[in-house]
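Q: First the structure, which I've put down as structure tokens, then a few questions once you've had a look.
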Amino acid sequence: MDDNMILHVKDLNISIPLHEGLLTPVRGVNFDMKKGETVGLVGESGCGKSLTCRAILAINEKKCKTSGNILYNSDEKGEIDLLTMDPRGKDIRAIRGKEISMIFQEPMVAFSPLYTIGNQITEATLLHITKDKKKAKEISLDVMKKVGIANAEKRYNQYPHEFSGGMLQRAMISMALVCNPKILIADEPTTALDVTIQAQILELMKEMQKDFNMGILFITHDLGVVAKMCDRVNVMYLGKIVESGTTEKIYEDPEHPYTRGLMGSVHKIGQKKTERLFSIEGTVPLAMNLPRACGFYERCDARIEGLCDRAEPELVEVAPEHSVACFACPHPACKAQRAAAEEMIRREDGR
Ligand SMILES: Nc1ncnc2c1ncn2[C@@H]1O[C@H](COP(=O)(O)OP(=O)(O)OP(=O)(O)O)[C@@H](O)[C@H]1O
Ligand SMILES: [Mg+2]
């Protein structure tokens, strides 16, 4: 991995054996992250975003079978594959919370109701930074102040239920940042918040990113938020990345019909956000017994009958830092892929 790279997710597959059959919610995902950059992972509910980002920290349920590589460029150890580590072992625990940390959509997931907020933030500090309790508390208070928790000393001794939603989100962010991580995974960190608090939290994350030069993996279904936050975007559909590029490219020149559909749902500034709006008809199918076809076929307004329902397009580069997986895309690289798929189908049909 290049020196300026921090993370490289390579051919990540996750399957879950269920009573009804084998679910394959993540199917060959590839993306990377440079040091200090914000990479977005965008897509509708159920497309595999959370499973993907939780795989990085090896915190998916045991029944999730994962393959591929998750290469992390560690300062101390060089390139390591996080997927080869024992999910409960000492090595991954040394990375989790210290070098790579996560903020969750629902802050109550991150906190136990039984301990004070301060106690829980300091736990990470004691584990990874210093054994000195007084110092650990100072560090925690410092971060709590930094994320805008007023009266931090008093707040330190309060329990999660005494915090409002926005404050708890801030507390979770301070817990994630207290060890100065190299990578922050933010899984829909502001979905549950109202718009003004959301804007404050996003601003805060950007500031902290500058201070720490950390990479952020930003998961959301909201392309409006992506525009504010991300340097590069990966659009995910039914367990695959279907389009990937710089934020500018994705906004100016979206190629995949799914990305264009998501664009139609970008919230205008000042618009009241009431629910998840989508202009794309239908829902993400269940990732079980999937036919060999483009995953978006059923919902796509650009689909080519007899092709998109019989072959699955791969991501191909259409411009520097811009890739798309679509047979209907007019770029020469996509046309070449289309011709090869048509030839394969002709041969299958004996034509
Ligand atoms: N433990 C599990 N057992 C069974 N199915 C699961 C499990 N975890 C995830 N899934 C399924 O895998 C698919 C992808 O889930 P995932 O949580 O990654 O979606 P997501 O993109 O994060 O969606 P959201 O935007 O709703 O958070 C979904 O269909 C989900 O129901
Ligand atoms: Mg999720």
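If you're wondering about the labels, chains in the structure tokens are A, B, ... by order shown, residues count from 1 in each chain, ligands from 1 in order shown.
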Would you tabulate, counting only C-alpha atoms and all ligand atoms, all residues of chain A that have an atom at most 8 Å from an atom of ligand 2, showing the closest pair of atoms and their distance in Å to one decimal, sorted by chain then ascending number, as CSV?
A:
residue,atom,partner,partner_atom_place_in_ligand_line,distance
A:Ser45,CA,ligand 2,1 (Mg),6.7
A:Gly46,CA,ligand 2,1 (Mg),7.0
A:Gly48,CA,ligand 2,1 (Mg),7.1
A:Lys49,CA,ligand 2,1 (Mg),5.5
A:Ser50,CA,ligand 2,1 (Mg),4.0
A:Leu51,CA,ligand 2,1 (Mg),7.2
A:Gln105,CA,ligand 2,1 (Mg),7.8
A:Asp187,CA,ligand 2,1 (Mg),6.6
A:Glu188,CA,ligand 2,1 (Mg),7.2
A:Ile219,CA,ligand 2,1 (Mg),7.9
Q: For the residues selected in the previous step, produce a file with all heavy atoms as a PDB file, in the first residue's frame.
A:
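Ended up saving to part-v6.pdb:
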ATOM      1  N   SER A  45     -31.237   2.000   2.729  1.00  0.00           N
ATOM      2  CA  SER A  45     -31.304   1.068   3.842  1.00  0.00           C
ATOM      3  C   SER A  45     -31.191  -0.376   3.341  1.00  0.00           C
ATOM      4  O   SER A  45     -31.837  -0.747   2.369  1.00  0.00           O
ATOM      5  CB  SER A  45     -32.654   1.281   4.528  1.00  0.00           C
ATOM      6  OG  SER A  45     -32.691   0.533   5.695  1.00  0.00           O
ATOM      7  N   GLY A  46     -30.343  -1.144   3.983  1.00  0.00           N
ATOM      8  CA  GLY A  46     -30.243  -2.565   3.666  1.00  0.00           C
ATOM      9  C   GLY A  46     -29.229  -2.906   2.596  1.00  0.00           C
ATOM     10  O   GLY A  46     -29.106  -4.067   2.211  1.00  0.00           O
ATOM     11  N   GLY A  48     -25.992  -2.814   2.805  1.00  0.00           N
ATOM     12  CA  GLY A  48     -24.778  -3.447   3.340  1.00  0.00           C
ATOM     13  C   GLY A  48     -23.752  -2.481   3.907  1.00  0.00           C
ATOM     14  O   GLY A  48     -22.616  -2.870   4.174  1.00  0.00           O
ATOM     15  N   LYS A  49     -24.134  -1.243   4.139  1.00  0.00           N
ATOM     16  CA  LYS A  49     -23.183  -0.238   4.626  1.00  0.00           C
ATOM     17  C   LYS A  49     -22.655  -0.578   6.027  1.00  0.00           C
ATOM     18  O   LYS A  49     -21.452  -0.587   6.267  1.00  0.00           O
ATOM     19  CB  LYS A  49     -23.822   1.165   4.651  1.00  0.00           C
ATOM     20  CG  LYS A  49     -24.426   1.611   3.345  1.00  0.00           C
ATOM     21  CD  LYS A  49     -25.044   2.991   3.437  1.00  0.00           C
ATOM     22  CE  LYS A  49     -26.209   3.123   4.397  1.00  0.00           C
ATOM     23  NZ  LYS A  49     -27.451   2.438   3.994  1.00  0.00           N
ATOM     24  N   SER A  50     -23.595  -0.858   6.934  1.00  0.00           N
ATOM     25  CA  SER A  50     -23.166  -1.112   8.319  1.00  0.00           C
ATOM     26  C   SER A  50     -22.345  -2.388   8.419  1.00  0.00           C
ATOM     27  O   SER A  50     -21.323  -2.417   9.119  1.00  0.00           O
ATOM     28  CB  SER A  50     -24.370  -1.212   9.253  1.00  0.00           C
ATOM     29  OG  SER A  50     -24.991   0.044   9.358  1.00  0.00           O
ATOM     30  N   LEU A  51     -22.766  -3.441   7.718  1.00  0.00           N
ATOM     31  CA  LEU A  51     -21.990  -4.688   7.769  1.00  0.00           C
ATOM     32  C   LEU A  51     -20.573  -4.429   7.282  1.00  0.00           C
ATOM     33  O   LEU A  51     -19.600  -4.929   7.866  1.00  0.00           O
ATOM     34  CB  LEU A  51     -22.652  -5.758   6.892  1.00  0.00           C
ATOM     35  CG  LEU A  51     -23.905  -6.429   7.468  1.00  0.00           C
ATOM     36  CD1 LEU A  51     -24.572  -7.277   6.392  1.00  0.00           C
ATOM     37  CD2 LEU A  51     -23.563  -7.292   8.675  1.00  0.00           C
ATOM     38  N   GLN A 105     -25.010   5.226  14.768  1.00  0.00           N
ATOM     39  CA  GLN A 105     -26.225   5.994  14.516  1.00  0.00           C
ATOM     40  C   GLN A 105     -26.995   6.221  15.812  1.00  0.00           C
ATOM     41  O   GLN A 105     -27.523   7.295  16.059  1.00  0.00           O
ATOM     42  CB  GLN A 105     -27.087   5.196  13.524  1.00  0.00           C
ATOM     43  CG  GLN A 105     -28.441   5.806  13.270  1.00  0.00           C
ATOM     44  CD  GLN A 105     -29.169   5.064  12.156  1.00  0.00           C
ATOM     45  OE1 GLN A 105     -28.638   4.122  11.568  1.00  0.00           O
ATOM     46  NE2 GLN A 105     -30.358   5.496  11.864  1.00  0.00           N
ATOM     47  N   ASP A 187     -21.039   5.831  11.265  1.00  0.00           N
ATOM     48  CA  ASP A 187     -22.165   5.146  10.639  1.00  0.00           C
ATOM     49  C   ASP A 187     -23.441   5.946  10.876  1.00  0.00           C
ATOM     50  O   ASP A 187     -24.030   5.858  11.941  1.00  0.00           O
ATOM     51  CB  ASP A 187     -22.285   3.730  11.209  1.00  0.00           C
ATOM     52  CG  ASP A 187     -23.308   2.886  10.447  1.00  0.00           C
ATOM     53  OD1 ASP A 187     -23.889   3.394   9.471  1.00  0.00           O
ATOM     54  OD2 ASP A 187     -23.521   1.724  10.832  1.00  0.00           O
ATOM     55  N   GLU A 188     -23.853   6.700   9.894  1.00  0.00           N
ATOM     56  CA  GLU A 188     -25.021   7.572  10.000  1.00  0.00           C
ATOM     57  C   GLU A 188     -25.019   8.329  11.326  1.00  0.00           C
ATOM     58  O   GLU A 188     -25.946   8.187  12.134  1.00  0.00           O
ATOM     59  CB  GLU A 188     -26.308   6.744   9.875  1.00  0.00           C
ATOM     60  CG  GLU A 188     -26.283   5.825   8.663  1.00  0.00           C
ATOM     61  CD  GLU A 188     -27.527   5.938   7.806  1.00  0.00           C
ATOM     62  OE1 GLU A 188     -28.192   6.984   7.876  1.00  0.00           O
ATOM     63  OE2 GLU A 188     -27.800   5.002   7.053  1.00  0.00           O
ATOM     64  N   ILE A 219     -20.690   7.051   6.619  1.00  0.00           N
ATOM     65  CA  ILE A 219     -21.786   6.246   6.066  1.00  0.00           C
ATOM     66  C   ILE A 219     -23.083   7.023   6.184  1.00  0.00           C
ATOM     67  O   ILE A 219     -23.420   7.530   7.261  1.00  0.00           O
ATOM     68  CB  ILE A 219     -21.905   4.895   6.809  1.00  0.00           C
ATOM     69  CG1 ILE A 219     -20.751   3.986   6.416  1.00  0.00           C
ATOM     70  CG2 ILE A 219     -23.192   4.179   6.447  1.00  0.00           C
ATOM     71  CD1 ILE A 219     -19.597   4.056   7.306  1.00  0.00           C
TER      72      ILE A 219
END
Q: For His322 (chain A), list every protein, DNA or RNA residue within 9 Å, evaluated using only C-alpha atoms, and leave out those in the same chain fewer than 6 positions away; present the list as a ChimeraX atom specification.
A: /A:243-246,249-250,316
Q: Please, could you write that set of residues out with C-alpha atoms as a PDB file, in the first residue's frame?
A:
ATOM      1  CA  GLU A 243     -20.195   3.970  -8.653  1.00  0.00           C
ATOM      2  CA  SER A 244     -17.135   5.520  -7.122  1.00  0.00           C
ATOM      3  CA  GLY A 245     -15.458   8.878  -7.612  1.00  0.00           C
ATOM      4  CA  THR A 246     -14.516  12.251  -6.217  1.00  0.00           C
ATOM      5  CA  LYS A 249     -17.425  13.990 -10.228  1.00  0.00           C
ATOM      6  CA  ILE A 250     -20.299  12.154  -8.624  1.00  0.00           C
ATOM      7  CA  VAL A 316     -14.816  -0.041 -14.649  1.00  0.00           C
TER       8      VAL A 316
END
Q: May I ask which of the residues A:Ala94, A:Leu286, A:Leu82, A:Leu202 is the closest one to ligand 1, counting only C-alpha atoms and all ligand atoms?
A: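 The shortest atom-to-atom distance to ligand 1 comes from A:Leu286.
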Q: Which residues are close to region 163-175 of chain A, i.e. within 8 Å by only C-alpha atoms, leaving aside same-chain residues fewer than 2 positions away? Reply as a list in words.
A: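 Neighbouring residues, sequence-local ones excluded: Ile103, Pro107, Ala110, Phe111, Ile117, Gln120, Ile121, Ala124, Ser140, Val143, Met144, Val147, Gly148, Ile149, Gln158, Tyr159, Pro160, His161, Leu177, Val178, Pro189, Leu193, Ile197 and Ile201 of chain A.
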Q: Once you have the residues from the selection above, write them out as a compact mmCIF listing (two decimals), in the first residue's frame, restricted to N, CA and C atoms.
A:
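What ended up in out_15.txt:
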# COMPACT_ATOMS: atom_id res chain seq x y z
N ILE A 103 -18.33 5.82 15.47
CA ILE A 103 -19.51 6.39 16.10
C ILE A 103 -20.75 5.81 15.42
N PRO A 107 -26.66 6.49 19.70
CA PRO A 107 -25.64 6.61 20.74
C PRO A 107 -25.83 5.65 21.90
N ALA A 110 -23.62 2.72 22.10
CA ALA A 110 -22.22 2.89 22.50
C ALA A 110 -22.05 2.99 24.02
N PHE A 111 -23.11 3.43 24.71
CA PHE A 111 -22.97 3.64 26.16
C PHE A 111 -23.77 2.61 26.96
N ILE A 117 -21.09 8.86 32.07
CA ILE A 117 -20.50 9.17 30.77
C ILE A 117 -18.97 9.30 30.92
N GLN A 120 -17.09 6.08 31.21
CA GLN A 120 -17.00 5.30 29.98
C GLN A 120 -16.01 5.91 28.99
N ILE A 121 -15.92 7.22 28.99
CA ILE A 121 -14.94 7.84 28.09
C ILE A 121 -13.53 7.57 28.62
N ALA A 124 -11.59 4.12 27.88
CA ALA A 124 -10.76 4.00 26.67
C ALA A 124 -9.40 4.64 26.87
N SER A 140 -9.98 13.11 29.11
CA SER A 140 -11.40 12.94 28.75
C SER A 140 -12.14 14.27 28.84
N VAL A 143 -11.39 16.49 25.89
CA VAL A 143 -12.11 16.14 24.65
C VAL A 143 -13.58 16.51 24.76
N MET A 144 -14.17 16.28 25.94
CA MET A 144 -15.58 16.63 26.12
C MET A 144 -15.80 18.13 25.88
N VAL A 147 -15.59 18.99 22.08
CA VAL A 147 -16.77 18.69 21.26
C VAL A 147 -17.98 19.52 21.68
N GLY A 148 -17.76 20.47 22.56
CA GLY A 148 -18.82 21.43 22.87
C GLY A 148 -19.78 20.99 23.96
N ILE A 149 -19.32 20.15 24.86
CA ILE A 149 -20.16 19.80 26.00
C ILE A 149 -19.92 20.83 27.10
N GLN A 158 -22.46 12.47 35.10
CA GLN A 158 -23.85 12.13 34.82
C GLN A 158 -23.97 10.82 34.03
N TYR A 159 -25.17 10.26 34.06
CA TYR A 159 -25.44 9.01 33.35
C TYR A 159 -26.04 9.31 31.97
N PRO A 160 -25.95 8.35 31.04
CA PRO A 160 -26.46 8.59 29.69
C PRO A 160 -27.89 9.13 29.65
N HIS A 161 -28.77 8.64 30.54
CA HIS A 161 -30.16 9.09 30.45
C HIS A 161 -30.32 10.57 30.81
N LEU A 177 -13.06 9.90 19.83
CA LEU A 177 -11.88 10.69 19.47
C LEU A 177 -10.83 10.77 20.58
N VAL A 178 -11.18 10.26 21.76
CA VAL A 178 -10.32 10.49 22.92
C VAL A 178 -8.91 9.91 22.74
N PRO A 189 -24.00 9.14 11.55
CA PRO A 189 -23.83 9.72 12.89
C PRO A 189 -24.85 10.78 13.25
N LEU A 193 -30.70 13.09 14.56
CA LEU A 193 -30.70 14.44 15.15
C LEU A 193 -31.47 15.43 14.30
N ILE A 197 -28.71 20.68 14.99
CA ILE A 197 -27.71 19.89 15.75
C ILE A 197 -26.85 19.12 14.76
N ILE A 201 -22.79 19.09 14.56
CA ILE A 201 -21.99 17.87 14.74
C ILE A 201 -21.08 17.64 13.53
Q: So what do you get for CA of Lys182 (chain A) versus CA of Gly40 (chain A), distance-wise?
A: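 So the answer is 16.3 Å.
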Q: Give me the chain A side of the contact with ligand 1, cut-off 9 Å, one line per residue showing its nearest atom pair and distance in Å at one decimal, counting only C-alpha atoms and all ligand atoms, sorted by chain and residue number, as a tab-separated table.
A:
residue	atom	partner	partner_atom_place_in_ligand_line	distance
A:Ser15	CA	ligand 1	12 (O)	8.6
A:Ile16	CA	ligand 1	4 (C)	6.4
A:Pro17	CA	ligand 1	4 (C)	8.1
A:Leu18	CA	ligand 1	4 (C)	7.0
A:Leu23	CA	ligand 1	5 (N)	7.1
A:Thr24	CA	ligand 1	12 (O)	7.6
A:Pro25	CA	ligand 1	12 (O)	4.8
A:Val26	CA	ligand 1	14 (C)	7.3
A:Val42	CA	ligand 1	21 (O)	8.2
A:Gly43	CA	ligand 1	21 (O)	6.5
A:Glu44	CA	ligand 1	25 (O)	5.6
A:Ser45	CA	ligand 1	25 (O)	3.3
A:Gly46	CA	ligand 1	19 (O)	3.5
A:Cys47	CA	ligand 1	21 (O)	4.0
A:Gly48	CA	ligand 1	18 (O)	3.1
A:Lys49	CA	ligand 1	21 (O)	3.7
A:Ser50	CA	ligand 1	22 (O)	3.6
A:Leu51	CA	ligand 1	18 (O)	3.8
A:Thr52	CA	ligand 1	18 (O)	6.3
A:Cys53	CA	ligand 1	18 (O)	8.1
A:Arg54	CA	ligand 1	18 (O)	8.4
A:Asn60	CA	ligand 1	1 (N)	7.5
A:Glu61	CA	ligand 1	1 (N)	6.0
A:Lys62	CA	ligand 1	1 (N)	8.6
A:Lys63	CA	ligand 1	1 (N)	7.2
A:Cys64	CA	ligand 1	1 (N)	6.9
A:Gln105	CA	ligand 1	27 (O)	8.3
A:Asp187	CA	ligand 1	22 (O)	7.9
A:Glu188	CA	ligand 1	27 (O)	7.6
A:Ile219	CA	ligand 1	22 (O)	8.2
A:Thr220	CA	ligand 1	25 (O)	7.1
A:His221	CA	ligand 1	25 (O)	6.4
A:Met236	CA	ligand 1	21 (O)	8.2
A:Tyr237	CA	ligand 1	21 (O)	8.5
A:Leu238	CA	ligand 1	14 (C)	8.0
A:Gly239	CA	ligand 1	14 (C)	7.4
A:Val284	CA	ligand 1	29 (O)	8.2
A:Pro285	CA	ligand 1	29 (O)	8.1
A:Leu286	CA	ligand 1	29 (O)	5.9
A:Ala287	CA	ligand 1	29 (O)	6.8
Q: Nearest to Glu99 (chain A): which of A:Asp253, A:Ser67, A:Arg292, A:Ile56 is it, counting only C-alpha atoms?
A: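 Looking only at the distances to Glu99 (chain A), the closest residue turns out to be A:Ile56.
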Q: For region 203-211 of chain A, please output as a PDB file with all heavy atoms, in the first residue's frame all residues within 9 Å (counting only C-alpha atoms; exclusion window: fewer than 4 positions along the same chain).
A:
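Below is the file that was written, out-v2.pdb:
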ATOM      1  N   GLY A  36      -6.152  11.122   6.263  1.00  0.00           N
ATOM      2  CA  GLY A  36      -6.766  12.437   6.448  1.00  0.00           C
ATOM      3  C   GLY A  36      -7.936  12.755   5.537  1.00  0.00           C
ATOM      4  O   GLY A  36      -8.450  13.860   5.579  1.00  0.00           O
ATOM      5  N   GLU A  37      -8.378  11.814   4.719  1.00  0.00           N
ATOM      6  CA  GLU A  37      -9.486  12.152   3.827  1.00  0.00           C
ATOM      7  C   GLU A  37     -10.806  11.580   4.327  1.00  0.00           C
ATOM      8  O   GLU A  37     -10.840  10.673   5.161  1.00  0.00           O
ATOM      9  CB  GLU A  37      -9.192  11.717   2.388  1.00  0.00           C
ATOM     10  CG  GLU A  37      -9.692  10.367   2.006  1.00  0.00           C
ATOM     11  CD  GLU A  37      -9.538  10.038   0.521  1.00  0.00           C
ATOM     12  OE1 GLU A  37      -9.650  10.936  -0.333  1.00  0.00           O
ATOM     13  OE2 GLU A  37      -9.315   8.852   0.224  1.00  0.00           O
ATOM     14  N   THR A  38     -11.905  12.133   3.803  1.00  0.00           N
ATOM     15  CA  THR A  38     -13.219  11.625   4.163  1.00  0.00           C
ATOM     16  C   THR A  38     -13.816  10.883   2.978  1.00  0.00           C
ATOM     17  O   THR A  38     -13.983  11.445   1.900  1.00  0.00           O
ATOM     18  CB  THR A  38     -14.160  12.779   4.580  1.00  0.00           C
ATOM     19  OG1 THR A  38     -13.543  13.502   5.641  1.00  0.00           O
ATOM     20  CG2 THR A  38     -15.493  12.239   5.063  1.00  0.00           C
ATOM     21  N   LYS A 146     -13.869  20.033  24.037  1.00  0.00           N
ATOM     22  CA  LYS A 146     -13.593  20.268  22.623  1.00  0.00           C
ATOM     23  C   LYS A 146     -14.819  20.012  21.743  1.00  0.00           C
ATOM     24  O   LYS A 146     -15.043  20.704  20.763  1.00  0.00           O
ATOM     25  CB  LYS A 146     -12.463  19.344  22.151  1.00  0.00           C
ATOM     26  CG  LYS A 146     -11.241  20.098  21.708  1.00  0.00           C
ATOM     27  CD  LYS A 146     -10.289  19.186  21.007  1.00  0.00           C
ATOM     28  CE  LYS A 146      -9.023  19.939  20.661  1.00  0.00           C
ATOM     29  NZ  LYS A 146      -7.853  19.099  20.715  1.00  0.00           N
ATOM     30  N   VAL A 147     -15.591  18.986  22.084  1.00  0.00           N
ATOM     31  CA  VAL A 147     -16.765  18.687  21.264  1.00  0.00           C
ATOM     32  C   VAL A 147     -17.980  19.525  21.681  1.00  0.00           C
ATOM     33  O   VAL A 147     -19.090  19.293  21.217  1.00  0.00           O
ATOM     34  CB  VAL A 147     -17.147  17.182  21.273  1.00  0.00           C
ATOM     35  CG1 VAL A 147     -15.996  16.319  20.812  1.00  0.00           C
ATOM     36  CG2 VAL A 147     -17.652  16.738  22.628  1.00  0.00           C
ATOM     37  N   GLY A 148     -17.759  20.474  22.557  1.00  0.00           N
ATOM     38  CA  GLY A 148     -18.819  21.432  22.872  1.00  0.00           C
ATOM     39  C   GLY A 148     -19.780  20.993  23.960  1.00  0.00           C
ATOM     40  O   GLY A 148     -20.927  21.418  23.984  1.00  0.00           O
ATOM     41  N   ILE A 173     -19.015  11.027  20.274  1.00  0.00           N
ATOM     42  CA  ILE A 173     -17.911  11.497  19.430  1.00  0.00           C
ATOM     43  C   ILE A 173     -16.660  11.699  20.278  1.00  0.00           C
ATOM     44  O   ILE A 173     -15.550  11.324  19.885  1.00  0.00           O
ATOM     45  CB  ILE A 173     -18.302  12.786  18.674  1.00  0.00           C
ATOM     46  CG1 ILE A 173     -19.419  12.464  17.684  1.00  0.00           C
ATOM     47  CG2 ILE A 173     -17.101  13.389  17.946  1.00  0.00           C
ATOM     48  CD1 ILE A 173     -19.929  13.650  16.909  1.00  0.00           C
ATOM     49  N   LEU A 177     -13.061   9.898  19.830  1.00  0.00           N
ATOM     50  CA  LEU A 177     -11.878  10.691  19.474  1.00  0.00           C
ATOM     51  C   LEU A 177     -10.829  10.766  20.578  1.00  0.00           C
ATOM     52  O   LEU A 177      -9.726  11.263  20.359  1.00  0.00           O
ATOM     53  CB  LEU A 177     -12.296  12.116  19.101  1.00  0.00           C
ATOM     54  CG  LEU A 177     -13.166  12.248  17.856  1.00  0.00           C
ATOM     55  CD1 LEU A 177     -13.480  13.709  17.610  1.00  0.00           C
ATOM     56  CD2 LEU A 177     -12.498  11.637  16.641  1.00  0.00           C
ATOM     57  N   LEU A 184     -11.723   7.274  11.690  1.00  0.00           N
ATOM     58  CA  LEU A 184     -13.005   7.329  12.388  1.00  0.00           C
ATOM     59  C   LEU A 184     -14.070   6.789  11.447  1.00  0.00           C
ATOM     60  O   LEU A 184     -14.202   7.257  10.316  1.00  0.00           O
ATOM     61  CB  LEU A 184     -13.336   8.776  12.769  1.00  0.00           C
ATOM     62  CG  LEU A 184     -14.700   8.997  13.413  1.00  0.00           C
ATOM     63  CD1 LEU A 184     -14.740   8.390  14.809  1.00  0.00           C
ATOM     64  CD2 LEU A 184     -15.037  10.477  13.493  1.00  0.00           C
ATOM     65  N   GLN A 198     -27.491  18.574  13.718  1.00  0.00           N
ATOM     66  CA  GLN A 198     -26.763  17.820  12.706  1.00  0.00           C
ATOM     67  C   GLN A 198     -25.649  18.676  12.105  1.00  0.00           C
ATOM     68  O   GLN A 198     -24.503  18.237  12.012  1.00  0.00           O
ATOM     69  CB  GLN A 198     -27.737  17.379  11.614  1.00  0.00           C
ATOM     70  CG  GLN A 198     -27.040  16.811  10.406  1.00  0.00           C
ATOM     71  CD  GLN A 198     -28.031  16.242   9.390  1.00  0.00           C
ATOM     72  OE1 GLN A 198     -29.038  15.662   9.737  1.00  0.00           O
ATOM     73  NE2 GLN A 198     -27.743  16.407   8.129  1.00  0.00           N
ATOM     74  N   ALA A 199     -25.993  19.906  11.740  1.00  0.00           N
ATOM     75  CA  ALA A 199     -24.996  20.794  11.133  1.00  0.00           C
ATOM     76  C   ALA A 199     -23.841  21.038  12.104  1.00  0.00           C
ATOM     77  O   ALA A 199     -22.673  21.020  11.712  1.00  0.00           O
ATOM     78  CB  ALA A 199     -25.651  22.111  10.732  1.00  0.00           C
ATOM     79  N   GLY A 215      -8.557   9.970   8.971  1.00  0.00           N
ATOM     80  CA  GLY A 215      -9.428   9.604   7.865  1.00  0.00           C
ATOM     81  C   GLY A 215     -10.812   9.319   8.417  1.00  0.00           C
ATOM     82  O   GLY A 215     -10.938   8.800   9.519  1.00  0.00           O
ATOM     83  N   ILE A 216     -11.833   9.697   7.675  1.00  0.00           N
ATOM     84  CA  ILE A 216     -13.195   9.390   8.126  1.00  0.00           C
ATOM     85  C   ILE A 216     -13.898   8.545   7.073  1.00  0.00           C
ATOM     86  O   ILE A 216     -13.877   8.883   5.891  1.00  0.00           O
ATOM     87  CB  ILE A 216     -14.023  10.678   8.376  1.00  0.00           C
ATOM     88  CG1 ILE A 216     -13.354  11.582   9.412  1.00  0.00           C
ATOM     89  CG2 ILE A 216     -15.439  10.327   8.816  1.00  0.00           C
ATOM     90  CD1 ILE A 216     -14.135  12.868   9.717  1.00  0.00           C
ATOM     91  N   MET A 229     -19.411  16.794   3.402  1.00  0.00           N
ATOM     92  CA  MET A 229     -18.383  16.130   4.195  1.00  0.00           C
ATOM     93  C   MET A 229     -17.273  15.431   3.413  1.00  0.00           C
ATOM     94  O   MET A 229     -16.137  15.365   3.870  1.00  0.00           O
ATOM     95  CB  MET A 229     -19.044  15.067   5.098  1.00  0.00           C
ATOM     96  CG  MET A 229     -19.978  15.596   6.149  1.00  0.00           C
ATOM     97  SD  MET A 229     -19.155  16.650   7.356  1.00  0.00           S
ATOM     98  CE  MET A 229     -18.168  15.448   8.265  1.00  0.00           C
TER      99      MET A 229
END
Q: With a distance cut-off of 8 Å and only C-alpha atoms, select the neighbouring residues of Ile100 (chain A), excluding the residue or stretch itself and same-chain residues fewer than 4 positions from it, and output the selection as a ChimeraX atom specification.
A: /A:57,95-96,181-185
Q: Could you write out that same residue set with all heavy atoms as a compact mmCIF listing (two decimals), in the first residue's frame?
A:
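Contents of result.txt, as written:
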# COMPACT_ATOMS: atom_id res chain seq x y z
N LEU A 57 -13.82 -3.30 11.90
CA LEU A 57 -13.46 -3.43 13.31
C LEU A 57 -13.72 -4.84 13.85
O LEU A 57 -13.56 -5.08 15.04
CB LEU A 57 -14.25 -2.42 14.15
CG LEU A 57 -13.75 -0.99 14.07
CD1 LEU A 57 -14.67 -0.07 14.86
CD2 LEU A 57 -12.34 -0.89 14.61
N ILE A 95 -6.16 -2.10 18.39
CA ILE A 95 -6.46 -1.17 17.30
C ILE A 95 -7.83 -0.53 17.49
O ILE A 95 -8.02 0.67 17.32
CB ILE A 95 -6.41 -1.93 15.95
CG1 ILE A 95 -4.95 -2.31 15.64
CG2 ILE A 95 -6.97 -1.08 14.82
CD1 ILE A 95 -4.80 -3.23 14.46
N ARG A 96 -8.79 -1.36 17.89
CA ARG A 96 -10.17 -0.91 18.07
C ARG A 96 -10.26 0.14 19.18
O ARG A 96 -9.81 -0.10 20.29
CB ARG A 96 -11.00 -2.14 18.46
CG ARG A 96 -12.43 -2.11 18.09
CD ARG A 96 -13.11 -3.34 18.66
NE ARG A 96 -12.97 -4.52 17.82
CZ ARG A 96 -13.01 -5.77 18.32
NH1 ARG A 96 -13.12 -6.00 19.60
NH2 ARG A 96 -12.91 -6.81 17.50
N PRO A 181 -7.73 8.77 17.05
CA PRO A 181 -7.63 7.66 16.09
C PRO A 181 -7.13 8.11 14.71
O PRO A 181 -7.23 9.28 14.36
CB PRO A 181 -9.08 7.17 15.98
CG PRO A 181 -9.90 8.38 16.27
CD PRO A 181 -9.13 9.17 17.30
N LYS A 182 -6.63 7.14 13.97
CA LYS A 182 -6.20 7.41 12.59
C LYS A 182 -7.39 7.37 11.64
O LYS A 182 -7.41 8.01 10.61
CB LYS A 182 -5.18 6.35 12.15
CG LYS A 182 -3.91 6.33 12.98
CD LYS A 182 -2.97 7.41 12.47
CE LYS A 182 -1.67 7.42 13.22
NZ LYS A 182 -1.78 7.81 14.62
N ILE A 183 -8.35 6.50 12.02
CA ILE A 183 -9.56 6.37 11.20
C ILE A 183 -10.79 6.43 12.10
O ILE A 183 -10.85 5.77 13.13
CB ILE A 183 -9.60 5.01 10.45
CG1 ILE A 183 -8.41 4.87 9.50
CG2 ILE A 183 -10.91 4.86 9.68
CD1 ILE A 183 -8.32 3.50 8.82
N LEU A 184 -11.72 7.27 11.69
CA LEU A 184 -13.01 7.33 12.39
C LEU A 184 -14.07 6.79 11.45
O LEU A 184 -14.20 7.26 10.32
CB LEU A 184 -13.34 8.78 12.77
CG LEU A 184 -14.70 9.00 13.41
CD1 LEU A 184 -14.74 8.39 14.81
CD2 LEU A 184 -15.04 10.48 13.49
N ILE A 185 -14.80 5.79 11.92
CA ILE A 185 -15.91 5.27 11.12
C ILE A 185 -17.18 5.88 11.68
O ILE A 185 -17.49 5.71 12.86
CB ILE A 185 -15.97 3.73 11.20
CG1 ILE A 185 -14.65 3.14 10.68
CG2 ILE A 185 -17.15 3.20 10.40
CD1 ILE A 185 -14.54 1.64 10.88
Q: So, with only C-alpha atoms as the atoms that count, which of A:Lys135, A:Arg303, A:Arg346, A:Lys335 lies closest to Glu317 (chain A)?
A: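 Of all the options, A:Lys335 lies closest to Glu317 (chain A).
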Q: What's around Glu255 (chain A) at 9 Å? Count only C-alpha atoms, leave out sequence neighbours fewer than 3 positions away in its own chain, and write the answer as a ChimeraX atom specification.
A: /A:243,250,258-260,323-326,329-330
